[in-house]
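Undergrad: First the structure, then my questions, so here it is.
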Amino acid sequence: MGSRGDLLVQIAQYFATHGSEYVHAVVQHVAITLAATGAAAVVAVPAGIACSRFPRVRGFVTGVFSTLRIIPSLAVLFLCISLIGVGEAPAILALALLAAPPLLINTTLGFSRVPGAVLETATGMGMGVARIFFTVKVPLAAPLIIAGLKTALVEVIASATLAAYIGAGGLGTIIFTGLGLLRSDLLMIGGVSVAGLSLVVSALISWTEKRLLPWEA
Amino acid sequence: MMDVLTPVSPALEFHHVTKRFPDAGYNAVDDVSLSIDEGELVTLVGTSGSGKTTLLKMVNRLYEPTAGQIVLRGHDIMAADPVQLRRGIGYVIQQVGLFPHMTVAENIAVVPKLLKWDSARTGARIDELLQLVQLDSAEFARRYPAELSGGQQQRVGLARALAVDPALMLLDEPFGAIDAITRDGLQNELLRIHAAHRRTYLFVTHDIREAFKLGTRVLIMHGGRVQQFATPDEIAAAPANEFVVELLASAGTSVGPSGEASVETSGGMSAGTSVGTSTGDDVRG
């Protein structure tokens, strides 16, 4: 009873004395996550579209990305250190590699699953190639792409904790400090914050999904 | 509000049209020549692989002919921009192909939007079309396709194809996946709509009864070639060859010269007209 009370007091004290540090860590964590996922999307979404169009590309690219997926993110992080040193850049690169597979696979699936009959009538009604792509294929592939984005973001938010290991900051800093000093209040704050961030992002995406994709209900 | 369409005859001509797909050892459509008049509802019937769908899809250039010429209302279709050509041709397929992410109203509005109709005109046309295919606008206009039954979806498919009142309608087994009772109702409505507007319809089916019920003339195909092209009565009275006889026999007695289907369609061209006069009045929106 006493220790739990102590813990709460300690947590309250942390926020009282380290409030701005905490906010900074959260902002850093979110920034790293967005940068990594954004970088992954820029590569993986076009690659996924190419995969859905050219089956030969598909075999090769999905093979590469599935292999990437097997490598533990911690291993990727350390590999990145040996290649480009410490700091934010290697962390973002490693996390982007982690975010790419779900984005790529879901984009490929999303575009491949647009029903042939819909494309046939779209063409038959006199829609041009570009119009079909933007007004038919993209919206119909969107639910799966968004699902991939959600998976990627949640994975990256969790793994970005490790980025603190190589000096990129974020909520991982609080957790690693807690581990070093054996302070359960810091472990608690860091852990719950990461989990909370995941939940908030998931909820935000689900909300956007409902707004954006009313026919999916 | 509809554009006045001056009749052009023949509406659609095929001159020695042949289609051979790459790597195929035979012609899917083999030297087909025929001419269809404005306002006809021609049904194309044959077994699978007979070339009927291939022939249809060459008209809106989803397939390009290997040889020959197709002339739509006096213009060689190969000289036109395919995208522009298709906007003037209604297209309905068995799987319907409604856009799942668009409401019923948005689906119907696709071609009017492509043609840059203003929203008032488009809105009025949507109501008119939903009435034409007997769907209550207030109830259905804002629904998504997934919220409709198969028969309702095909009604919307039909309304969408009719949106800009095209001179030519291509229908590829539109009722093929619909249960028998609903199909019968849709067939009657198609006859009613055709009779009311007198556009040219090309209707592919593998169901000989449907072909005889709907067609002002029936085009029987086999092996990529035309076996017979005549009114249902003429075909029933004088089948052109062995294949036509077999096809009629396969449909059972109801399509023969003494059968009910031939009674229903007696008079060929007049089939559409008689239906039109009996129920046509409540059609016009």
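Please note that chains go A, B, ... in the order of the structure tokens, that every chain numbers its residues from 1, and that ligands are numbered from 1 in the order shown.
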Please return, as a VMD selection string, all residues of chain B lying within 9 Å of chain A when only C-alpha atoms are considered.

TA: chain B and resid 57 60 to 62 82 to 103 110 to 111 114 143 to 146 161

Undergrad: Go ahead and save the residues from that selection, with C-alpha atoms, as a short mmCIF file (atom, residue, chain, number, x, y, z; two decimals), in the first residue's frame.

TA:
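Result went into again-v6.cif, see below:
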data_model
loop_
_atom_site.label_atom_id
_atom_site.label_comp_id
_atom_site.auth_asym_id
_atom_site.auth_seq_id
_atom_site.Cartn_x
_atom_site.Cartn_y
_atom_site.Cartn_z
CA LYS B 57 -16.75 -5.65 -76.52
CA ASN B 60 -16.89 0.01 -77.23
CA ARG B 61 -13.30 -0.91 -78.02
CA LEU B 62 -12.56 -2.92 -74.90
CA PRO B 82 -11.92 5.39 -77.35
CA VAL B 83 -12.58 7.30 -74.12
CA GLN B 84 -14.92 9.77 -75.88
CA LEU B 85 -16.56 6.94 -77.84
CA ARG B 86 -17.38 5.04 -74.64
CA ARG B 87 -19.04 8.03 -72.99
CA GLY B 88 -21.71 7.82 -75.68
CA ILE B 89 -22.33 4.10 -75.23
CA GLY B 90 -24.11 2.59 -72.24
CA TYR B 91 -22.41 -0.50 -70.82
CA VAL B 92 -23.87 -3.06 -68.44
CA ILE B 93 -22.19 -6.31 -67.38
CA GLN B 94 -23.25 -9.36 -65.42
CA GLN B 95 -21.13 -8.53 -62.36
CA VAL B 96 -22.69 -5.05 -62.46
CA GLY B 97 -19.43 -3.34 -61.47
CA LEU B 98 -20.96 -0.53 -59.44
CA PHE B 99 -18.36 1.60 -57.68
CA PRO B 100 -18.53 0.33 -54.08
CA HIS B 101 -17.25 3.60 -52.67
CA MET B 102 -19.92 5.71 -54.32
CA THR B 103 -23.57 6.00 -53.44
CA VAL B 110 -20.36 9.34 -63.20
CA VAL B 111 -20.86 9.85 -66.93
CA LEU B 114 -17.50 13.30 -67.20
CA ARG B 143 -27.21 4.06 -50.26
CA TYR B 144 -23.98 2.29 -51.08
CA PRO B 145 -24.04 -0.69 -53.47
CA ALA B 146 -23.28 -3.11 -50.64
CA ALA B 161 -25.63 3.10 -68.22
#

Undergrad: Identify, on the basis of only C-alpha atoms, every residue whose closest approach to range 229-231 of chain B does not exceed 6 Å; exclude the query and any residue fewer than 4 positions from it along the same chain; express the result as an mmCIF file with N, CA and C atoms, in the first residue's frame.

TA:
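Printed below is result24.cif as written:
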data_model
loop_
_atom_site.group_PDB
_atom_site.id
_atom_site.type_symbol
_atom_site.label_atom_id
_atom_site.label_comp_id
_atom_site.auth_asym_id
_atom_site.auth_seq_id
_atom_site.Cartn_x
_atom_site.Cartn_y
_atom_site.Cartn_z
ATOM 1 N N THR B 216 -35.758 -7.977 -80.726
ATOM 2 C CA THR B 216 -36.516 -7.695 -81.938
ATOM 3 C C THR B 216 -35.922 -8.563 -83.052
ATOM 4 N N ARG B 217 -34.610 -8.728 -83.006
ATOM 5 C CA ARG B 217 -33.954 -9.738 -83.822
ATOM 6 C C ARG B 217 -32.957 -10.480 -82.949
ATOM 7 N N VAL B 218 -32.717 -11.742 -83.277
ATOM 8 C CA VAL B 218 -31.811 -12.571 -82.508
ATOM 9 C C VAL B 218 -30.626 -12.939 -83.394
ATOM 10 N N LEU B 219 -29.422 -12.720 -82.827
ATOM 11 C CA LEU B 219 -28.196 -13.060 -83.555
ATOM 12 C C LEU B 219 -27.625 -14.310 -82.912
ATOM 13 N N GLY B 268 -42.009 -10.292 -83.514
ATOM 14 C CA GLY B 268 -40.642 -9.764 -83.497
ATOM 15 C C GLY B 268 -40.587 -8.320 -83.052
#

Undergrad: Between B:Asn27, B:Val8, B:Gly46, B:Gly68, single out the one closest to Leu248 in chain B, counting only C-alpha atoms.

TA: B:Gly46

Undergrad: Nearest to Gly252 in chain B: which of B:Asp207, B:Glu234, B:Glu139, B:Glu13 is it, counting only C-alpha atoms?

TA: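 Checking each candidate against Gly252 in chain B, we get B:Asp207 as the closest.
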
Undergrad: Please provide as an NGL selection string all residues within 7 Å of Pro10 in chain B, with the sequence filter that same-chain residues fewer than 4 positions apart are discarded (counting only C-alpha atoms).

TA: :B and (35-38 or 73)

Undergrad: May I have the selected residues written with C-alpha atoms, as a PDB file, in the first residue's frame?

TA:
ATOM      1  CA  SER B  35     -26.188  -4.265 -89.897  1.00  0.00           C
ATOM      2  CA  ILE B  36     -28.450  -3.175 -87.036  1.00  0.00           C
ATOM      3  CA  ASP B  37     -31.132  -0.510 -87.342  1.00  0.00           C
ATOM      4  CA  GLU B  38     -31.806   2.335 -84.950  1.00  0.00           C
ATOM      5  CA  ARG B  73     -24.030   5.858 -86.594  1.00  0.00           C
TER       6      ARG B  73
END

Undergrad: Looking only at the backbone, which of the residues in range 104-260 of chain B does DSSP tag as strand (DSSP E or B), as number ranges by chain?

TA: B: 168-172, 200-205, 217-222, 225-230

Undergrad: Neighbours of Ala41 in chain A within 10 Å (only C-alpha atoms; same-chain residues fewer than 6 positions away dropped), as a ChimeraX atom specification?

TA: /A:35,47-48,96,99-104,107,145,148-149,152

Undergrad: If you run DSSP on the backbone here, which positions in range 18-215 of chain A get alpha helix (DSSP H)? Please write them as a count of residues only.

TA: 164

Undergrad: What's the 9 Å shell around Ile208 in chain B, counting only C-alpha atoms, without same-chain residues fewer than 6 positions away, as a list in words?

TA: Val45, Gly46, Leu247, Leu248, Ser250, Ala251 and Val255 of chain B

Undergrad: Output C-alpha atoms for every residue in that selection, as an mmCIF file, in the first residue's frame.

TA:
data_model
loop_
_atom_site.group_PDB
_atom_site.id
_atom_site.type_symbol
_atom_site.label_atom_id
_atom_site.label_comp_id
_atom_site.auth_asym_id
_atom_site.auth_seq_id
_atom_site.Cartn_x
_atom_site.Cartn_y
_atom_site.Cartn_z
ATOM 1 C CA VAL B 45 -26.991 -15.744 -78.178
ATOM 2 C CA GLY B 46 -24.637 -18.706 -78.341
ATOM 3 C CA LEU B 247 -29.953 -24.708 -79.890
ATOM 4 C CA LEU B 248 -33.734 -24.406 -80.121
ATOM 5 C CA SER B 250 -31.848 -27.443 -76.042
ATOM 6 C CA ALA B 251 -34.163 -24.716 -74.790
ATOM 7 C CA VAL B 255 -39.127 -21.865 -77.737
#

Undergrad: What lies within 12 Å of Ser206 in chain A using only C-alpha atoms, ignoring chain neighbours under 2 positions off, as a ChimeraX atom specification?

TA: /A:143,146-147,149-151,199-204,208-214,216-217

Undergrad: Just the residues within 12 Å of range 136-138 of chain B, please, counting only C-alpha atoms, with nothing from its chain fewer than 4 positions along; format it as a ChimeraX atom specification.

TA: /B:103-105,108,123-132,142-143,152,155-156,159

Undergrad: Write out the residues from the selection above, keeping C-alpha atoms, as a PDB file, in the first residue's frame.

TA:
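result.pdb written:
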ATOM      1  CA  THR B 103     -23.573   6.001 -53.436  1.00  0.00           C
ATOM      2  CA  VAL B 104     -26.273   5.019 -55.894  1.00  0.00           C
ATOM      3  CA  ALA B 105     -26.649   8.666 -56.915  1.00  0.00           C
ATOM      4  CA  ILE B 108     -25.362   7.217 -61.770  1.00  0.00           C
ATOM      5  CA  GLY B 123     -29.709  15.636 -59.908  1.00  0.00           C
ATOM      6  CA  ALA B 124     -32.912  15.768 -61.913  1.00  0.00           C
ATOM      7  CA  ARG B 125     -31.657  13.016 -64.184  1.00  0.00           C
ATOM      8  CA  ILE B 126     -30.779  10.784 -61.201  1.00  0.00           C
ATOM      9  CA  ASP B 127     -34.337  11.066 -59.880  1.00  0.00           C
ATOM     10  CA  GLU B 128     -35.750  10.430 -63.315  1.00  0.00           C
ATOM     11  CA  LEU B 129     -33.590   7.330 -63.816  1.00  0.00           C
ATOM     12  CA  LEU B 130     -34.289   5.866 -60.399  1.00  0.00           C
ATOM     13  CA  GLN B 131     -37.961   6.238 -61.142  1.00  0.00           C
ATOM     14  CA  LEU B 132     -37.405   4.579 -64.514  1.00  0.00           C
ATOM     15  CA  ARG B 142     -27.804   7.757 -50.811  1.00  0.00           C
ATOM     16  CA  ARG B 143     -27.209   4.063 -50.264  1.00  0.00           C
ATOM     17  CA  GLN B 152     -31.415  -3.694 -57.091  1.00  0.00           C
ATOM     18  CA  ARG B 155     -31.263  -1.779 -61.687  1.00  0.00           C
ATOM     19  CA  VAL B 156     -28.728   0.835 -60.639  1.00  0.00           C
ATOM     20  CA  ALA B 159     -29.758   3.428 -64.631  1.00  0.00           C
TER      21      ALA B 159
END

Undergrad: Could you check the closest approach to His194 in chain B for each of B:Asp31, B:Asp165, B:Asp179, B:Glu242 and tell me which residue wins, using only C-alpha atoms?

TA: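 Among the listed residues, B:Asp165 lies closest to His194 in chain B.
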
Undergrad: Nearest to Ala75 in chain A: which of A:Ile166, A:Leu153, A:Leu8, A:Ala31 is it, counting only C-alpha atoms?

TA: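 Among the listed residues, A:Ile166 lies closest to Ala75 in chain A.
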